[in-house]
Amino acid sequence: MVTNWAIRFGVQMWEIGKQTTRLKDIHERYKQEATIRRVDGLELLRQMADDVDKMVESRTLAVRRIMDVAEQASMSHREDSGIVANYYNAKRLNEWYDGDQVELKEGYKELKLTPNPRFFGTSVNLSLSSVHVPTNVFDGAPDVQNSLFWSERLNPIFVHNYETDPTLSWQFFGSSTGYMRQYPAVKWLQDEYEADLFDCRVRPWYIRAAASAKDMIILLDTSGSMTGVRKEIARHVVINLLETLSDNDFVNVMKFGEVPEAVVPCFQDKLVQANLENIRELRLALDETETVNIANFSAALTQGFEILAKYNRTNQGTQCNQAIMLVTDGAPQNYHEIFEKYNLPHKPVRLFTYLIGREITDTKATEDISCNNKGYFTHVTTLAEVREQVLKYIPVLARPMVLYQNHHPVVWSHVYADLTDPKLSDWLWELRERRRQRDRTTNFRQLHKIQAENGSYYVYFDPTQGKTANSNPRYRLMTTLATPVYDRRNFSNITEYILVNDAVWVERIKTVRTANILGVAGTDVPVKDFQKLIPAYKLGVNGYSFITTNNGYVLFHPDYRPIYQDILKPNFNAVDMSEVELVDTDDEPRNNDTVLMQMRREMIEKRDGEMNMRVRVHIDSMRRASIRQNRYFYKGIKETPFSLAIVQPEGYGQYRVEGQKEIKHYRLGNVSELFKKKNWKVHPDWIYCQYMYDTPDHALLTPEAEVFHFMERSQRPAWKWRSRYGAQSSKDSSKGGIYSKRQNKDDYFCDKDLFQSLVFDAIATQPFDEKGLIKYSKSDGLGILKMFGVSIIFVATRSGLLKWHDEVTLAEREDGVYHPYGEGYENRHFSESNNGAIDEIWYKRAVEQNSVEPDSFVYSLPFDAGMKNDSLVTASHAIFVDKEGHKAPAAVVGLQFKHSLFVETFFNITHTCMAGMKCNSTCASEELECYVLDNNGFIIISEKRENSGKFFGEVDGTIMDSLVHYEIYQKIRIYDYQSVCFDKTEKKSSASLLLTPLKTIKLAASWAVGRLSWLVLQTQLSQFLSESWVGAISQLAEEVREEVDDFVEATDPNQDFPPDPKYSDPPVIEVGNPNIEAARINKTRVRPCDREVDLYALQQEKLYDSEKQQNKPLKGRLASCSQSTFGNQCGRSFTAHRIPHSNLILVVVDTLCPCDSRKMSIEPMEVYYNETERCDRLSQPLYRQRPTECISYHPEEEEIKMCGTCSKSNFSLFGLLLPLYVILRSILSS
């Protein structure tokens, strides 16, 4: 009887799906007119790699042109200490008094800016560049003004580059003085509440281009004298040093008192790769550093030299630059004997010293340590000047490159987020937590007011209130191509003062040998630019591509997930290939598979190859999983540290439907007539045809408008197919390379194969367009639509075409009111959120289902369906073209209908006995519970509506476990190596402010200094004060805001407090008499971690006898699972049946025996490692390849004697207040 229920339900739904979608007619069209072609993976990879190579060549030539012009401009410029540069400050554009656009604010300029899609919709000016000056840089300084003046000559080459290659993104020159000139000109987007922390000199592209890779040992003096302000300054020096490193560098931080030791015990006697995770470990360890005892410089220097020598001797680390950074408040001697033993005569290790403390006057020994070892000495007296002083070591490392003059290494950065410092993840998370607390406290007060008005404790705060567009930032991932810019003058004139007698100083101009780096020229390459050159339609459904770096990290990958809750993950740019390709094995986590490691090594070495692997794949927010056999093809990308891989699923992934319609040969009328209707869309990210330039004349608002425009244009007599890069020309930069001349404003490029495939698919799916799709009469068609509440019928194809019919309008005419897309969908049309064709989950699942049961639909339901009044069921079916024993997917048809009516249909069948059959019970009986589960174990139908969409194991884990035991479902363990975990931070008591009056004094002092800091920033008083301290203002002001936030957390909830609407995160406050503790959040700190989860996949062959071609139901029994009051044990019976023509099974459970049911969860759980395992992972990186360029030595460098002098102290008001503030904080926090 149960089998008959399953068969009847499955057959009925299959017939309805066939009739409504016209899949038979569409399939027949493809079968008649399309062909099947086997895809040569290696040849496809070669073609794609060639396209990427061309793009790389174009970008490289553009950057080299910027570099050439910059060096020539600097060479021809005469330094003038009184020069005033005229430039557009990106932070001072287009702001008027009172917003009337009549009177510009003082110090601001007006510049016409126009939105441009090429630059992510940002408003830009394509004729000029704008300049960003960091907060910690004084743009009135003579060196900055001179550099700004000559760099104005970069504007013409910026424009030329863009005109000859309109696919270029941002171009820029980052100056060693701190500013960044960026093209096209843009207004700097900065929230008034946030500090501007951007400094081009600590961006990954600048760091990599300005100097070759380096091994760095940071020696931090933690003797008893390094307390108070000195300790704080030293800690910031170390943090800023760490921020100048990239994942091509190796580092360790060692503290030394009497005995030197690593701040992270796990890193003792080691150098670790300077990726974000290791840098984070080092930064957190600095917070736990204590200052005691006497500094043993000899032991610290000796250990530093020995570690560096060991890594150099054993071919570890970078095998390039090596440096020791000594952070101390003074060295007692110059330790010549140690340097003579370890570093002379060739001085392979550079020594950089950072002398901490304003009152230190004896600097000779510390200076000698640097000057005698090819390093640089800096005297850091305040927190404000830390960054500027730290960055002085980079030009020193760059000297050998500059001395070679004609050799400019071209480097690529790792993946990073545009205009966002990746090292700020922890800081941004802390801000998020504080704003959540602020908003929650505000909502708590609102709750009290509402209760006072109506006396009710049942209050719901709408989570959409207070949201703004900025509360959901989107990060644009990219890499950057960059090259250093040299000062071609080997000598400079400096001014020095000579003491003639006890009271007379004489100024003298002296010519000295120099090797100065002017900055770095570069251009951004958005990750999407790579992906556009590797078209998804050529890879096919469930095929994909990815790129790896020389470190084995992915530049992009379909399972690369860098963002969590709108914030970059702490380790987002160091996701290894082995962490996204999950080999199907039962090994422990991070037990790297041999085949995978072999492929990883070959890709890092940029070798060509192919490989087969059986992998585990997860989709749908890591709730569904499957096992797939994949074929991998990979190849290195020229002139980059990258390798490209494409992946094909075994079987259907090796074949493509070949069908194109040459537009000029279309004989049935105008091709554009196929696209006259409004019920179609194309893939929004695919390029069919596109103009080179985004001019107002080409402002085609939607992808569909663009396709239609070119569809009409393609029928003109003069039409020609043009590729993105056209015919190749010489690679000589003087001839312009790929683009030898400016493109015409009406020039365009097309993907001919994709465009003509789109036309072919439009013709093949014409049966879907025909009237009479369903005969809408009371007796048939409309009855079906009303029976299931069908809202939409659709077809999507391999070329990205989506067509649909809104059938819900007919039902609306009959029934009056009917929500077409289910509750909670905010009236978003299906076509707006499902226009990704082969990238959509329902498309991928339908294609996978074809190998299980070709004549079937895949049914899916939102996971939160049980929480809504009604939801929509999505049913999809893949149309395959089968010829000569090979088949490939061409399209997917489907429909959406009301879940409640789907359930009603099921129970209409299962609540009655079949005609002519006797039955003791049905799904309507109390002794039976009936469930319909999908192929991943989620409940599609249940007698209890609230169970809909849930994982079956959460409802009845005992039965689900039995289904796994009987191999009806296969357990697939998925490891998430990109996850984040949360450590709770200490909760402060609401009475803490009452413990001591000093708390109030501290808050008042914080407020006063903070307000002064913001006053200086907002009124630009910094221009009249010393430039050395400006950089710390923003950090200090943020600390003040944190103090105020902590105060808010502890205040009376009835006190009025204005919310910050930008970051509202209001909660749902449940019943009960609330108190202030109910409004307090558990503050957390985010950290990278691993998680694991067991997911499930249906094995339908276990429920079907292929020889007899009939269902083979499972009948199981949970024996002795409960004991009655009379001592009799009972068992619980259940049965599972395949529902034909679907991805569903019917599970019927006997409820007479009240067995205890355990719960099964599919929530990922953290994987815990012992300290040894964790230490090994952090300190022993997987195989990597060093950068190909290393310039760390030039014989003439010894002639350069400039190694730093004691910094001159400047009087400033803030310079006096800042130490007082730090001292006060130190006293009160203790």
# chains A, B, ... in the order shown; residues from 1 in each chain; ligands from 1
>>> select_by_dssp(residues="range 582-741 of chain A", states="strand (DSSP E or B)", output="PyMOL selection string")
chain A and resi 582-583+609-619+624-636+643-649+655-658+680-681+689-691
>>> closest_residue(among="A:Thr353, A:Gln182, A:Ser672, A:Thr3", to="Thr1135 in chain A", atoms="only C-alpha atoms")
A:Thr3
>>> atom_distance(atom1="CA of Thr548 in chain A", atom2="CA of Ala323 in chain A")
28.8 Å
>>> closest_residue(among="A:Leu148, A:Val292, A:Val39, A:Ile66", to="Glu650 in chain A", atoms="only C-alpha atoms")
A:Val39
>>> atom_distance(atom1="CA of Thr797 in chain A", atom2="CA of Ser621 in chain A")
24.1 Å
>>> residues_around(residues="range 324-331 of chain A", least_positions_apart="5", cutoff="8 Å", atoms="only C-alpha atoms", output="compact mmCIF listing (two decimals) with N, CA and C atoms, in the first residue's frame")
# COMPACT_ATOMS: atom_id res chain seq x y z
N MET A 216 62.72 38.18 8.66
CA MET A 216 62.84 39.24 9.67
C MET A 216 62.74 38.68 11.08
N ILE A 217 63.70 39.03 11.89
CA ILE A 217 63.65 38.74 13.33
C ILE A 217 63.45 40.07 14.05
N ILE A 218 62.39 40.19 14.81
CA ILE A 218 62.13 41.40 15.60
C ILE A 218 62.51 41.11 17.04
N LEU A 219 63.50 41.85 17.55
CA LEU A 219 63.95 41.69 18.93
C LEU A 219 63.34 42.81 19.76
N LEU A 220 62.46 42.45 20.68
CA LEU A 220 61.75 43.43 21.50
C LEU A 220 62.32 43.43 22.91
N ASP A 221 62.87 44.55 23.28
CA ASP A 221 63.44 44.72 24.62
C ASP A 221 62.30 44.77 25.63
N SER A 225 63.13 48.65 32.22
CA SER A 225 63.05 50.07 31.85
C SER A 225 62.01 50.33 30.76
N MET A 226 61.55 49.27 30.11
CA MET A 226 60.59 49.43 28.99
C MET A 226 59.16 49.37 29.53
N ARG A 230 56.92 53.94 27.03
CA ARG A 230 57.91 53.23 26.20
C ARG A 230 57.38 51.86 25.76
N ALA A 234 56.79 50.82 21.92
CA ALA A 234 57.50 49.65 21.39
C ALA A 234 56.52 48.64 20.82
N VAL A 237 55.43 49.83 17.50
CA VAL A 237 56.50 49.66 16.51
C VAL A 237 56.48 48.24 15.96
N VAL A 238 56.37 47.26 16.84
CA VAL A 238 56.36 45.87 16.42
C VAL A 238 55.12 45.60 15.55
N PHE A 297 71.45 41.87 25.60
CA PHE A 297 71.54 42.12 24.17
C PHE A 297 72.37 41.06 23.45
N GLY A 304 69.23 35.70 17.32
CA GLY A 304 68.67 36.18 16.06
C GLY A 304 69.54 35.81 14.88
N VAL A 349 73.07 40.15 6.87
CA VAL A 349 71.93 40.50 7.71
C VAL A 349 71.98 42.00 8.01
N ARG A 350 70.90 42.69 7.72
CA ARG A 350 70.82 44.12 8.01
C ARG A 350 70.27 44.31 9.42
N LEU A 351 70.76 45.33 10.09
CA LEU A 351 70.31 45.66 11.44
C LEU A 351 69.60 47.01 11.42
N PHE A 352 68.36 47.01 11.85
CA PHE A 352 67.58 48.23 11.96
C PHE A 352 67.25 48.44 13.44
N THR A 353 67.52 49.63 13.93
CA THR A 353 67.28 49.89 15.35
C THR A 353 66.21 50.95 15.51
N TYR A 354 65.34 50.73 16.49
CA TYR A 354 64.28 51.66 16.83
C TYR A 354 64.45 52.04 18.29
N LEU A 355 64.97 53.22 18.50
CA LEU A 355 65.24 53.71 19.85
C LEU A 355 63.98 54.36 20.40
N ILE A 356 63.50 53.86 21.52
CA ILE A 356 62.21 54.28 22.07
C ILE A 356 62.43 55.25 23.22
N GLY A 357 61.73 56.38 23.19
CA GLY A 357 61.75 57.31 24.32
C GLY A 357 62.29 58.67 23.96
N ILE A 360 65.72 59.91 25.77
CA ILE A 360 66.98 59.23 25.51
C ILE A 360 67.90 60.15 24.74
N ASP A 362 71.67 59.50 24.73
CA ASP A 362 72.86 58.77 24.29
C ASP A 362 72.43 57.75 23.23
N THR A 363 72.64 58.09 22.00
CA THR A 363 72.17 57.25 20.90
C THR A 363 73.30 56.62 20.10
N ALA A 365 75.66 54.24 20.48
CA ALA A 365 75.79 52.79 20.38
C ALA A 365 74.69 52.20 19.50
N THR A 366 73.47 52.69 19.69
CA THR A 366 72.36 52.17 18.91
C THR A 366 72.49 52.56 17.44
>>> residues_around(residues="range 8-25 of chain A", least_positions_apart="3", cutoff="9 Å", atoms="only C-alpha atoms", output="short mmCIF file (atom, residue, chain, number, x, y, z; two decimals) with N, CA and C atoms, in the first residue's frame")
data_model
loop_
_atom_site.label_atom_id
_atom_site.label_comp_id
_atom_site.auth_asym_id
_atom_site.auth_seq_id
_atom_site.Cartn_x
_atom_site.Cartn_y
_atom_site.Cartn_z
N THR A 3 3.92 1.53 -0.96
CA THR A 3 4.59 1.61 -2.26
C THR A 3 3.68 2.24 -3.30
N ASN A 4 2.43 1.84 -3.28
CA ASN A 4 1.48 2.41 -4.23
C ASN A 4 1.27 3.91 -4.00
N TRP A 5 1.24 4.31 -2.72
CA TRP A 5 1.16 5.74 -2.43
C TRP A 5 2.32 6.48 -3.09
N GLU A 28 12.83 17.72 -27.77
CA GLU A 28 12.80 17.28 -29.17
C GLU A 28 13.51 18.30 -30.07
N ARG A 29 13.33 19.58 -29.79
CA ARG A 29 14.01 20.61 -30.58
C ARG A 29 15.54 20.47 -30.49
N TYR A 30 16.03 20.31 -29.26
CA TYR A 30 17.48 20.15 -29.08
C TYR A 30 17.98 18.87 -29.74
N THR A 765 13.94 26.88 -27.58
CA THR A 765 12.93 26.97 -26.50
C THR A 765 11.66 27.67 -26.96
N PRO A 767 8.99 26.40 -28.22
CA PRO A 767 7.76 25.75 -27.74
C PRO A 767 7.30 26.28 -26.39
N PHE A 768 8.25 26.75 -25.60
CA PHE A 768 7.90 27.32 -24.30
C PHE A 768 7.15 28.64 -24.48
N LEU A 773 0.31 26.85 -24.30
CA LEU A 773 1.19 26.09 -23.41
C LEU A 773 0.35 25.21 -22.50
N ILE A 774 -0.67 25.81 -21.93
CA ILE A 774 -1.70 25.06 -21.21
C ILE A 774 -3.02 25.65 -21.66
N GLY A 781 -6.39 23.09 -17.79
CA GLY A 781 -5.19 23.83 -17.43
C GLY A 781 -5.31 24.64 -16.15
N ILE A 784 -5.26 22.61 -13.02
CA ILE A 784 -3.94 22.19 -12.56
C ILE A 784 -3.24 23.33 -11.84
N LEU A 785 -3.33 24.51 -12.44
CA LEU A 785 -2.65 25.66 -11.83
C LEU A 785 -3.23 25.96 -10.44
N ILE A 793 6.48 29.22 -14.27
CA ILE A 793 7.05 28.13 -15.05
C ILE A 793 8.26 28.71 -15.78
N PHE A 794 9.36 28.00 -15.81
CA PHE A 794 10.57 28.59 -16.36
C PHE A 794 11.41 27.57 -17.11
N VAL A 795 12.31 28.10 -17.94
CA VAL A 795 13.32 27.29 -18.60
C VAL A 795 14.61 28.11 -18.61
N ASP A 855 14.24 10.59 -15.93
CA ASP A 855 12.87 11.12 -16.01
C ASP A 855 12.40 11.51 -14.62
N SER A 856 12.91 12.60 -14.13
CA SER A 856 12.55 13.00 -12.77
C SER A 856 12.72 14.49 -12.59
N PHE A 857 12.01 15.01 -11.58
CA PHE A 857 12.17 16.38 -11.14
C PHE A 857 12.90 16.39 -9.80
N ALA A 875 10.56 22.90 -8.44
CA ALA A 875 10.79 21.62 -9.11
C ALA A 875 11.56 21.89 -10.39
N SER A 876 12.65 21.16 -10.61
CA SER A 876 13.47 21.39 -11.81
C SER A 876 13.86 20.06 -12.44
N HIS A 877 13.97 20.07 -13.76
CA HIS A 877 14.30 18.87 -14.52
C HIS A 877 15.30 19.24 -15.60
N ALA A 878 16.36 18.44 -15.75
CA ALA A 878 17.40 18.71 -16.72
C ALA A 878 17.10 18.03 -18.05
N ILE A 879 17.24 18.79 -19.13
CA ILE A 879 17.08 18.26 -20.49
C ILE A 879 18.47 17.94 -21.04
N VAL A 892 17.43 23.39 -18.41
CA VAL A 892 16.66 22.92 -17.26
C VAL A 892 15.31 23.62 -17.28
N VAL A 893 14.25 22.84 -17.16
CA VAL A 893 12.90 23.41 -17.05
C VAL A 893 12.42 23.22 -15.62
N GLY A 894 11.46 24.04 -15.23
CA GLY A 894 10.97 23.90 -13.86
C GLY A 894 9.74 24.73 -13.61
N LEU A 895 9.26 24.63 -12.39
CA LEU A 895 8.09 25.39 -11.97
C LEU A 895 8.14 25.58 -10.46
N THR A 905 -2.08 17.68 -1.77
CA THR A 905 -2.14 16.63 -2.79
C THR A 905 -1.59 15.32 -2.26
N PHE A 906 -0.49 15.40 -1.54
CA PHE A 906 0.13 14.19 -0.98
C PHE A 906 -0.81 13.50 0.00
N ILE A 909 -3.76 11.58 -1.30
CA ILE A 909 -3.42 10.24 -1.78
C ILE A 909 -3.20 9.29 -0.61
N THR A 910 -2.51 9.74 0.41
CA THR A 910 -2.08 8.84 1.49
C THR A 910 -3.08 8.73 2.63
N ARG A 1138 10.98 4.62 -2.29
CA ARG A 1138 11.38 5.57 -3.33
C ARG A 1138 10.14 6.13 -4.00
N ILE A 1139 10.12 7.46 -4.16
CA ILE A 1139 9.05 8.10 -4.92
C ILE A 1139 9.56 8.28 -6.34
N PRO A 1140 9.00 7.58 -7.31
CA PRO A 1140 9.55 7.62 -8.67
C PRO A 1140 9.46 9.01 -9.29
N HIS A 1141 10.32 9.23 -10.27
CA HIS A 1141 10.36 10.49 -11.01
C HIS A 1141 10.67 11.68 -10.11
N SER A 1142 11.46 11.45 -9.08
CA SER A 1142 11.76 12.55 -8.15
C SER A 1142 13.05 12.24 -7.39
N LEU A 1144 12.89 12.25 -4.13
CA LEU A 1144 12.23 12.11 -2.84
C LEU A 1144 12.06 10.66 -2.42
#
>>> closest_residue(among="A:Pro684, A:Pro1164, A:Gly82, A:Gly937", to="Ile959 in chain A", atoms="only C-alpha atoms")
A:Gly937
>>> residues_around(residues="Asn1143 in chain A", least_positions_apart="6", cutoff="9 Å", atoms="only C-alpha atoms", output="CSV table (one decimal) with N, CA, C and O atoms, in the first residue's frame")
chain,number,residue,atom,x,y,z
A,849,GLN,N,20.9,15.0,-10.9
A,849,GLN,CA,19.8,14.0,-10.7
A,849,GLN,C,19.7,13.2,-12.0
A,849,GLN,O,19.2,12.0,-11.9
A,852,VAL,N,21.0,9.8,-11.8
A,852,VAL,CA,20.3,8.9,-10.9
A,852,VAL,C,19.0,8.4,-11.5
A,852,VAL,O,18.7,7.2,-11.5
A,853,GLU,N,18.2,9.3,-12.0
A,853,GLU,CA,16.9,9.0,-12.7
A,853,GLU,C,16.6,10.0,-13.7
A,853,GLU,O,16.2,11.1,-13.4
A,856,SER,N,12.9,12.6,-14.1
A,856,SER,CA,12.5,13.0,-12.8
A,856,SER,C,12.7,14.5,-12.6
A,856,SER,O,13.4,15.2,-13.3
A,857,PHE,N,12.0,15.0,-11.6
A,857,PHE,CA,12.2,16.4,-11.1
A,857,PHE,C,12.9,16.4,-9.8
A,857,PHE,O,12.8,15.4,-9.0
A,858,VAL,N,13.7,17.5,-9.6
A,858,VAL,CA,14.3,17.7,-8.3
A,858,VAL,C,13.4,18.7,-7.5
A,858,VAL,O,13.2,19.8,-8.0
A,859,TYR,N,12.9,18.3,-6.4
A,859,TYR,CA,12.1,19.2,-5.6
A,859,TYR,C,12.9,19.7,-4.4
A,859,TYR,O,13.6,19.0,-3.7
A,933,LEU,N,11.0,13.0,2.3
A,933,LEU,CA,12.3,13.6,2.5
A,933,LEU,C,13.0,13.8,1.1
A,933,LEU,O,12.7,13.0,0.2
A,934,ASP,N,13.8,14.8,1.0
A,934,ASP,CA,14.6,14.9,-0.3
A,934,ASP,C,15.9,14.2,-0.2
A,934,ASP,O,16.1,13.4,0.8
A,935,ASN,N,16.6,14.3,-1.2
A,935,ASN,CA,17.8,13.4,-1.3
A,935,ASN,C,19.0,13.8,-0.4
A,935,ASN,O,20.0,13.2,-0.4
A,1098,LEU,N,21.2,10.8,-0.5
A,1098,LEU,CA,20.4,9.6,-0.8
A,1098,LEU,C,21.1,8.7,-1.8
A,1098,LEU,O,21.6,9.1,-2.8
A,1100,GLN,N,19.7,6.2,-4.0
A,1100,GLN,CA,18.4,5.7,-4.5
A,1100,GLN,C,18.4,4.2,-5.0
A,1100,GLN,O,17.4,3.5,-5.0
>>> atom_distance(atom1="CA of Leu286 in chain A", atom2="CA of Asn248 in chain A")
22.5 Å
>>> closest_residue(among="A:Gln1099, A:Asn612, A:Gln565, A:Asn321", to="Val1086 in chain A", atoms="only C-alpha atoms")
A:Gln565
>>> closest_residue(among="A:Leu1114, A:Ala211, A:Val580, A:Ile83", to="Pro558 in chain A", atoms="only C-alpha atoms")
A:Val580
>>> residues_around(residues="Phe173 in chain A", least_positions_apart="4", cutoff="7 Å", atoms="only C-alpha atoms", output="list in words")
Met180, Arg181, Gln182, Gly519, Val520, Ala521 and Gly522 of chain A
>>> write_last_selection(atoms="all heavy atoms", output="mmCIF file, in the first residue's frame")
data_model
loop_
_atom_site.group_PDB
_atom_site.id
_atom_site.type_symbol
_atom_site.label_atom_id
_atom_site.label_comp_id
_atom_site.auth_asym_id
_atom_site.auth_seq_id
_atom_site.Cartn_x
_atom_site.Cartn_y
_atom_site.Cartn_z
ATOM 1 N N MET A 180 49.133 58.845 -2.487
ATOM 2 C CA MET A 180 48.859 57.972 -3.621
ATOM 3 C C MET A 180 48.085 58.765 -4.664
ATOM 4 O O MET A 180 47.023 59.312 -4.378
ATOM 5 C CB MET A 180 48.040 56.744 -3.207
ATOM 6 C CG MET A 180 47.773 55.790 -4.368
ATOM 7 S SD MET A 180 46.789 54.346 -3.915
ATOM 8 C CE MET A 180 45.168 55.093 -3.721
ATOM 9 N N ARG A 181 48.631 58.813 -5.892
ATOM 10 C CA ARG A 181 47.942 59.449 -7.005
ATOM 11 C C ARG A 181 47.186 58.362 -7.754
ATOM 12 O O ARG A 181 47.785 57.382 -8.209
ATOM 13 C CB ARG A 181 48.918 60.170 -7.922
ATOM 14 C CG ARG A 181 48.244 60.924 -9.052
ATOM 15 C CD ARG A 181 49.244 61.699 -9.881
ATOM 16 N NE ARG A 181 49.810 62.828 -9.148
ATOM 17 C CZ ARG A 181 49.236 64.015 -9.025
ATOM 18 N NH1 ARG A 181 48.038 64.220 -9.581
ATOM 19 N NH2 ARG A 181 49.814 64.988 -8.360
ATOM 20 N N GLN A 182 45.872 58.530 -7.869
ATOM 21 C CA GLN A 182 45.009 57.488 -8.411
ATOM 22 C C GLN A 182 44.228 57.991 -9.617
ATOM 23 O O GLN A 182 43.720 59.110 -9.619
ATOM 24 C CB GLN A 182 44.035 57.011 -7.330
ATOM 25 C CG GLN A 182 43.107 55.893 -7.755
ATOM 26 C CD GLN A 182 42.231 55.420 -6.599
ATOM 27 O OE1 GLN A 182 42.198 56.025 -5.540
ATOM 28 N NE2 GLN A 182 41.530 54.339 -6.807
ATOM 29 N N GLY A 519 58.764 55.344 -5.299
ATOM 30 C CA GLY A 519 57.459 54.788 -4.982
ATOM 31 C C GLY A 519 57.189 53.547 -5.809
ATOM 32 O O GLY A 519 58.120 52.879 -6.276
ATOM 33 N N VAL A 520 55.925 53.273 -6.016
ATOM 34 C CA VAL A 520 55.501 52.068 -6.738
ATOM 35 C C VAL A 520 54.377 52.441 -7.695
ATOM 36 O O VAL A 520 53.432 53.143 -7.315
ATOM 37 C CB VAL A 520 55.028 50.972 -5.767
ATOM 38 C CG1 VAL A 520 54.372 49.825 -6.514
ATOM 39 C CG2 VAL A 520 56.191 50.468 -4.924
ATOM 40 N N ALA A 521 54.497 51.979 -8.939
ATOM 41 C CA ALA A 521 53.430 52.157 -9.934
ATOM 42 C C ALA A 521 52.650 50.864 -10.040
ATOM 43 O O ALA A 521 53.238 49.766 -10.000
ATOM 44 C CB ALA A 521 54.023 52.534 -11.287
ATOM 45 N N GLY A 522 51.349 50.980 -10.206
ATOM 46 C CA GLY A 522 50.555 49.749 -10.248
ATOM 47 C C GLY A 522 49.198 49.949 -10.873
ATOM 48 O O GLY A 522 48.755 51.075 -11.135
#
